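Visitor: Encoded as structure tokens, here's the structure I'll be asking about.
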Amino acid sequence: MNFSPPTTLGIEQPHPSPRFASFSKGKELKAAGSCRGASEADESLTSLDEGEIGPILFLSDLHLSPQQSLLTRCFEAFCAGPARQAAAVYILGDLFDYWLGDDQLREPYYQAVARHLAGIETAGVPVFLQHGNRDFLIGERFAREAHVTLLPDPYVLDLHGAQTVLTHGDALCTDDADYQAARRFWRTPTRIRQYLALPYFLRRWIAGHFRRRSMNKAQGKSVYQTDVNQDAVAACLLEHNATRMIHGHTHRPNTYHFGPSKHEDKRERIVLPDWRTGGPYLELSKTGARILDVTAQEL
Ligand SMILES: [Mn+2]
């Protein structure tokens with residue numbers, strides 16, 4: 001199932017943007033580990049006020065499934081370790097490789113995932129979750145059991161006045177017309193309702209069918225088609241009066257500085273790494289932005 005959540009770039013924010021100060025715990029920065037990759041971002045744009053709060057963690061594209069045992073161990077280590085030292089955790093979509101509806105919690109594996117997430121919140125750290133294209137059917141029941149708050153996509157976070165757009169990122173891949181058409185097709189409330197009304201085994205079969213089909217299609221697509229469109233990114237930042245965007249989905253981790261003009265590249269786009277080879281996450285703290293990896297610290 002490779003289609004995405006029922007959102008558009010222009011939706012109103014149903015939640016007020018939480019202020020980082022409200023997550024203040026007076027904790028010291030404890031997250032340790034070596035920096036992975038060359039994704040250090042410009043500190044002037046990404047650092048938080050010193051002494052105000054602990055680090056904020058962002059991650060996406062874990063694609064958890066029972067077949068992925070190493071990845072699952074990384075996730076458990078993340079939940080028991082760095083996540084509990086943070087001021088807040090934001091998961092920007094595709095936590096799961098597929099989500100057939102909240103009755104997927106009937107499977108012990110997914111119950112365990114919900115329990116691990118709930119443990120973060122129980123330790124006093126709020127966890128926020130955005131839908132990805134693979135798990136846009138995550139609903140309130142899962143959110144309740146995992147003690148997470150579902151966020152709309154896009155979602156604007158105010159980092160002491162620096163507006164930051166959080167998004168899974170698939171809605172910005174506007175050069176992929178096929179994908180956007182499928183996204184629009186699947187994400188109407190009626191289709192979602194019809195799909196969720198089907199028996200579990202049938203939903204599983206349909207999801208598998210579309211996953212295979214989209215993987216076959218992806219092989220014939222160019223690099224630019226499956227990346228975000230720069231105009232879509234610029235329009236989204238402009239619409240939300242934001243200077244920074246954090247997203248996943250494209251599996252092309254990097255930090256970009258750009259526009260509004262060639263001489264004024266004050267805007268920043270941070271692309272999160274996926275969990276194909278480890279447990280990477282972005283840490284935004286008083287020392288700036290960096291990519292850490294749970295495999296280097298906790299396993
Ligand atoms: Mn995705």
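Chain labels A, B, ... are given in the sequence in which chains occur in the structure tokens; within each chain residues are numbered consecutively from 1, and ligands are likewise numbered from 1 in the order shown.
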Once you count only C-alpha atoms and all ligand atoms, which residues end up within 9 Å of ligand 1, and could you hand them over as a list in words?
Guide: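 Residues satisfying the distance criterion: Asn2, Phe3, Ser4, Ser60, Asp61, His63, Gly93, Asp94, His131, Gly132, Asn133, Arg134, Asp135, His168, Gly169, Asp170, Gly248, His249, Thr250 and His251 of chain A.
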Visitor: At a cut-off of 7 Å, using only C-alpha atoms, what residues contact Ala162 (chain A)? Leave out same-chain residues fewer than 4 positions from it and give the result as a list in words.
Guide: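 Those residues are Asp158, Ala242 and Thr243 of chain A.
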Visitor: Determine the nearest neighbour of Asn241 (chain A) from the options A:Val165, A:Val294, A:Ala146, A:Leu59, counting only C-alpha atoms.
Guide: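 Of all the options, A:Val165 lies closest to Asn241 (chain A).
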Visitor: Which residue out of A:Ile291, A:Leu150, A:Ala207, A:Ala234 has the minimum interatomic distance to Thr255 (chain A) when only C-alpha atoms are used?
Guide: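 Selected residue with least distance to Thr255 (chain A): A:Ile291.
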Visitor: Residues near region 265-282 of chain A, anyone? I mean within 9 Å using only C-alpha atoms, not counting same-chain ones fewer than 2 positions away, as a count of residues only.
Guide: 56
Visitor: Of the candidates A:Ala177, A:Ala80, A:Ala87, A:Leu238, which shows the shortest atom-to-atom distance to Thr164 (chain A), using only C-alpha atoms?
Guide: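 That would be A:Leu238, the residue with the smallest distance to Thr164 (chain A).
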Visitor: From region 32-279 of chain A, collect each residue whose DSSP state is strand (DSSP E or B) and return the set as JSON, numbers by chain.
Guide: {"A": [35, 56, 57, 58, 59, 64, 88, 89, 90, 91, 92, 96, 127, 128, 129, 130, 148, 149, 150, 151, 155, 156, 157, 158, 159, 162, 163, 164, 165, 166, 167, 244, 245, 246, 247, 254, 255, 256, 257, 258, 259, 260, 261, 264, 265, 266, 267, 268, 269, 270, 271]}
Visitor: Go ahead and write the residues just picked, N, CA and C atoms, as a compact mmCIF listing (two decimals), in the first residue's frame.
Guide:
```txt
# COMPACT_ATOMS: atom_id res chain seq x y z
N CYS A 35 28.18 11.24 15.49
CA CYS A 35 27.40 11.82 14.41
C CYS A 35 27.54 10.94 13.18
N ILE A 56 15.04 17.97 20.93
CA ILE A 56 13.84 17.49 20.25
C ILE A 56 14.30 16.48 19.20
N LEU A 57 13.65 15.34 19.15
CA LEU A 57 14.07 14.30 18.21
C LEU A 57 13.04 14.12 17.09
N PHE A 58 13.56 13.96 15.89
CA PHE A 58 12.70 13.76 14.71
C PHE A 58 13.16 12.49 13.99
N LEU A 59 12.23 11.67 13.60
CA LEU A 59 12.58 10.47 12.85
C LEU A 59 11.43 10.11 11.91
N LEU A 64 8.55 -0.28 10.13
CA LEU A 64 8.55 -1.43 11.03
C LEU A 64 7.62 -2.53 10.53
N ALA A 88 10.80 16.19 23.44
CA ALA A 88 9.67 15.72 22.65
C ALA A 88 10.19 14.87 21.50
N VAL A 89 9.36 13.97 21.00
CA VAL A 89 9.72 13.11 19.87
C VAL A 89 8.67 13.29 18.77
N TYR A 90 9.15 13.53 17.57
CA TYR A 90 8.26 13.68 16.41
C TYR A 90 8.57 12.59 15.39
N ILE A 91 7.58 11.75 15.11
CA ILE A 91 7.75 10.71 14.08
C ILE A 91 6.98 11.18 12.84
N LEU A 92 7.74 11.46 11.76
CA LEU A 92 7.14 12.11 10.59
C LEU A 92 6.73 11.11 9.50
N PHE A 96 5.32 2.46 10.20
CA PHE A 96 5.10 1.07 9.82
C PHE A 96 5.25 0.88 8.31
N VAL A 127 5.03 12.27 22.57
CA VAL A 127 5.37 11.73 21.25
C VAL A 127 4.28 12.16 20.26
N PHE A 128 4.73 12.72 19.14
CA PHE A 128 3.81 13.20 18.11
C PHE A 128 4.03 12.37 16.85
N LEU A 129 2.94 12.05 16.18
CA LEU A 129 3.02 11.15 15.03
C LEU A 129 2.28 11.73 13.84
N GLN A 130 2.98 11.77 12.71
CA GLN A 130 2.34 12.14 11.46
C GLN A 130 2.15 10.88 10.62
N VAL A 148 0.31 8.48 21.80
CA VAL A 148 0.89 9.47 20.88
C VAL A 148 -0.20 10.45 20.45
N THR A 149 0.21 11.62 20.03
CA THR A 149 -0.71 12.61 19.49
C THR A 149 -0.56 12.63 17.98
N LEU A 150 -1.65 12.39 17.25
CA LEU A 150 -1.59 12.43 15.79
C LEU A 150 -1.56 13.88 15.33
N LEU A 151 -0.65 14.18 14.43
CA LEU A 151 -0.55 15.54 13.89
C LEU A 151 -1.03 15.55 12.44
N TYR A 155 2.37 20.24 9.40
CA TYR A 155 2.17 20.77 10.74
C TYR A 155 3.26 21.80 10.99
N VAL A 156 2.87 22.93 11.53
CA VAL A 156 3.86 24.00 11.75
C VAL A 156 4.22 24.09 13.22
N LEU A 157 5.50 23.98 13.47
CA LEU A 157 6.03 24.02 14.83
C LEU A 157 6.76 25.35 15.00
N ASP A 158 6.49 26.01 16.08
CA ASP A 158 7.14 27.28 16.36
C ASP A 158 8.34 27.05 17.28
N LEU A 159 9.54 27.14 16.73
CA LEU A 159 10.75 26.95 17.53
C LEU A 159 11.26 28.33 17.95
N ALA A 162 11.00 30.64 15.08
CA ALA A 162 11.38 30.09 13.77
C ALA A 162 10.35 29.05 13.38
N GLN A 163 9.50 29.41 12.41
CA GLN A 163 8.43 28.50 12.01
C GLN A 163 9.03 27.33 11.22
N THR A 164 8.70 26.13 11.66
CA THR A 164 9.24 24.93 11.03
C THR A 164 8.09 24.05 10.56
N VAL A 165 8.08 23.76 9.26
CA VAL A 165 7.05 22.88 8.71
C VAL A 165 7.50 21.43 8.86
N LEU A 166 6.66 20.63 9.50
CA LEU A 166 6.90 19.19 9.58
C LEU A 166 5.95 18.50 8.59
N THR A 167 6.51 17.64 7.77
CA THR A 167 5.66 16.92 6.80
C THR A 167 6.31 15.59 6.47
N ARG A 244 11.97 26.87 7.79
CA ARG A 244 12.59 25.54 7.84
C ARG A 244 11.55 24.47 7.60
N MET A 245 12.00 23.40 6.93
CA MET A 245 11.13 22.25 6.72
C MET A 245 11.89 21.00 7.12
N ILE A 246 11.21 20.10 7.80
CA ILE A 246 11.80 18.79 8.10
C ILE A 246 10.86 17.74 7.52
N HIS A 247 11.39 16.85 6.69
CA HIS A 247 10.55 15.80 6.12
C HIS A 247 11.34 14.53 5.89
N ASN A 254 19.68 14.70 3.81
CA ASN A 254 20.59 15.81 3.52
C ASN A 254 20.03 17.06 4.19
N THR A 255 20.82 18.12 4.18
CA THR A 255 20.33 19.42 4.62
C THR A 255 20.61 20.42 3.50
N TYR A 256 19.58 21.13 3.10
CA TYR A 256 19.72 22.09 1.99
C TYR A 256 19.43 23.49 2.51
N HIS A 257 20.24 24.44 2.07
CA HIS A 257 19.94 25.84 2.32
C HIS A 257 19.62 26.50 0.99
N PHE A 258 18.61 27.32 0.99
CA PHE A 258 18.20 27.90 -0.30
C PHE A 258 17.41 29.18 -0.08
N GLY A 259 17.11 29.89 -1.18
CA GLY A 259 16.32 31.10 -1.36
C GLY A 259 15.98 31.85 -0.10
N PRO A 260 15.20 32.92 -0.12
CA PRO A 260 14.39 33.38 -1.24
C PRO A 260 15.18 33.89 -2.44
N SER A 261 16.40 34.40 -2.24
CA SER A 261 17.19 34.80 -3.40
C SER A 261 18.55 34.12 -3.32
N GLU A 264 20.54 35.22 -0.39
CA GLU A 264 19.88 35.17 0.91
C GLU A 264 19.30 33.77 1.13
N ASP A 265 20.22 32.81 1.40
CA ASP A 265 19.74 31.42 1.53
C ASP A 265 19.43 31.11 2.99
N LYS A 266 18.42 31.75 3.49
CA LYS A 266 18.07 31.61 4.90
C LYS A 266 17.06 30.49 5.15
N ARG A 267 16.67 29.81 4.11
CA ARG A 267 15.71 28.74 4.31
C ARG A 267 16.44 27.40 4.33
N GLU A 268 15.85 26.49 5.07
CA GLU A 268 16.54 25.23 5.31
C GLU A 268 15.56 24.07 5.16
N ARG A 269 16.01 23.02 4.48
CA ARG A 269 15.19 21.80 4.36
C ARG A 269 16.03 20.62 4.82
N ILE A 270 15.56 19.99 5.87
CA ILE A 270 16.28 18.83 6.40
C ILE A 270 15.51 17.58 6.01
N VAL A 271 16.18 16.67 5.30
CA VAL A 271 15.56 15.40 4.89
C VAL A 271 16.06 14.30 5.83
```
Visitor: Give me, please, the distance in Å between CA of Asp231 (chain A) and CA of Gly288 (chain A), quoted to one decimal.
Guide: 26.9 Å
Visitor: Residues of region 192-259 of chain A classed as alpha helix (DSSP H) by DSSP on the backbone are to be reported as an MDAnalysis selection string.
Guide: chainID A and resid 192:196 200:219 230:239
Visitor: May I have the selected residues written with N, CA and C atoms, as a compact mmCIF listing (two decimals), in the first residue's frame?
Guide:
```txt
# COMPACT_ATOMS: atom_id res chain seq x y z
N ILE A 192 -11.74 5.47 2.25
CA ILE A 192 -11.12 5.00 3.49
C ILE A 192 -12.15 4.21 4.31
N ARG A 193 -13.35 4.73 4.37
CA ARG A 193 -14.41 4.04 5.13
C ARG A 193 -14.71 2.67 4.51
N GLN A 194 -14.80 2.66 3.17
CA GLN A 194 -15.10 1.40 2.47
C GLN A 194 -13.98 0.37 2.69
N TYR A 195 -12.76 0.85 2.62
CA TYR A 195 -11.62 -0.06 2.81
C TYR A 195 -11.61 -0.64 4.22
N LEU A 196 -11.82 0.24 5.21
CA LEU A 196 -11.77 -0.21 6.60
C LEU A 196 -12.92 -1.16 6.95
N TYR A 200 -10.27 -8.16 7.51
CA TYR A 200 -8.83 -7.92 7.69
C TYR A 200 -8.00 -8.62 6.62
N PHE A 201 -8.32 -9.90 6.35
CA PHE A 201 -7.50 -10.67 5.39
C PHE A 201 -7.56 -10.04 3.99
N LEU A 202 -8.73 -9.47 3.66
CA LEU A 202 -8.91 -8.86 2.35
C LEU A 202 -8.11 -7.55 2.26
N ARG A 203 -8.15 -6.79 3.35
CA ARG A 203 -7.36 -5.54 3.39
C ARG A 203 -5.88 -5.86 3.24
N ARG A 204 -5.45 -6.93 3.89
CA ARG A 204 -4.04 -7.32 3.80
C ARG A 204 -3.68 -7.67 2.35
N TRP A 205 -4.56 -8.38 1.68
CA TRP A 205 -4.30 -8.79 0.30
C TRP A 205 -4.24 -7.56 -0.61
N ILE A 206 -5.20 -6.65 -0.44
CA ILE A 206 -5.24 -5.44 -1.28
C ILE A 206 -3.99 -4.60 -1.05
N ALA A 207 -3.60 -4.45 0.22
CA ALA A 207 -2.41 -3.64 0.53
C ALA A 207 -1.17 -4.24 -0.12
N GLY A 208 -1.05 -5.57 -0.04
CA GLY A 208 0.10 -6.25 -0.65
C GLY A 208 0.11 -6.06 -2.16
N HIS A 209 -1.05 -6.14 -2.76
CA HIS A 209 -1.18 -5.98 -4.21
C HIS A 209 -0.68 -4.60 -4.64
N PHE A 210 -1.16 -3.56 -3.92
CA PHE A 210 -0.77 -2.20 -4.32
C PHE A 210 0.69 -1.90 -3.98
N ARG A 211 1.18 -2.54 -2.92
CA ARG A 211 2.59 -2.33 -2.58
C ARG A 211 3.48 -2.88 -3.70
N ARG A 212 3.14 -4.07 -4.15
CA ARG A 212 3.93 -4.68 -5.23
C ARG A 212 3.85 -3.83 -6.50
N ARG A 213 2.62 -3.37 -6.78
CA ARG A 213 2.43 -2.58 -8.00
C ARG A 213 3.22 -1.28 -7.94
N SER A 214 3.20 -0.63 -6.77
CA SER A 214 3.90 0.65 -6.69
C SER A 214 5.42 0.45 -6.71
N MET A 215 5.88 -0.72 -6.20
CA MET A 215 7.33 -0.99 -6.27
C MET A 215 7.75 -1.20 -7.72
N ASN A 216 6.93 -1.89 -8.48
CA ASN A 216 7.23 -2.09 -9.90
C ASN A 216 7.26 -0.77 -10.65
N LYS A 217 6.29 0.09 -10.34
CA LYS A 217 6.22 1.38 -11.01
C LYS A 217 7.41 2.25 -10.64
N ALA A 218 7.82 2.18 -9.37
CA ALA A 218 8.90 3.05 -8.89
C ALA A 218 10.20 2.79 -9.66
N GLN A 219 10.38 1.52 -10.12
CA GLN A 219 11.61 1.19 -10.83
C GLN A 219 11.75 1.96 -12.14
N GLN A 230 10.91 21.50 -5.90
CA GLN A 230 11.39 22.72 -5.21
C GLN A 230 10.33 23.80 -5.13
N ASP A 231 9.54 23.95 -6.17
CA ASP A 231 8.49 24.96 -6.16
C ASP A 231 7.44 24.63 -5.10
N ALA A 232 7.13 23.33 -4.98
CA ALA A 232 6.15 22.91 -3.97
C ALA A 232 6.68 23.19 -2.56
N VAL A 233 7.98 22.95 -2.36
CA VAL A 233 8.60 23.23 -1.07
C VAL A 233 8.53 24.73 -0.77
N ALA A 234 8.93 25.55 -1.74
CA ALA A 234 8.94 27.00 -1.56
C ALA A 234 7.53 27.52 -1.27
N ALA A 235 6.55 26.99 -2.01
CA ALA A 235 5.16 27.44 -1.82
C ALA A 235 4.67 27.07 -0.42
N CYS A 236 5.03 25.89 0.03
CA CYS A 236 4.60 25.42 1.35
C CYS A 236 5.20 26.29 2.45
N LEU A 237 6.50 26.60 2.32
CA LEU A 237 7.16 27.45 3.32
C LEU A 237 6.53 28.84 3.33
N LEU A 238 6.27 29.36 2.14
CA LEU A 238 5.67 30.69 2.02
C LEU A 238 4.28 30.72 2.65
N GLU A 239 3.51 29.71 2.33
CA GLU A 239 2.14 29.64 2.85
C GLU A 239 2.11 29.65 4.38
```
Visitor: Figure out the distance between CA of Val228 (chain A) and CA of Glu140 (chain A), please, to one decimal in Å.
Guide: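 Interatomic distance here is 28.9 Å.
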Visitor: I need the residue nearest Leu95 (chain A) from this list: A:Arg73, A:Pro108, A:Arg144, A:Ile138. Use only C-alpha atoms for the distance.
Guide: A:Ile138
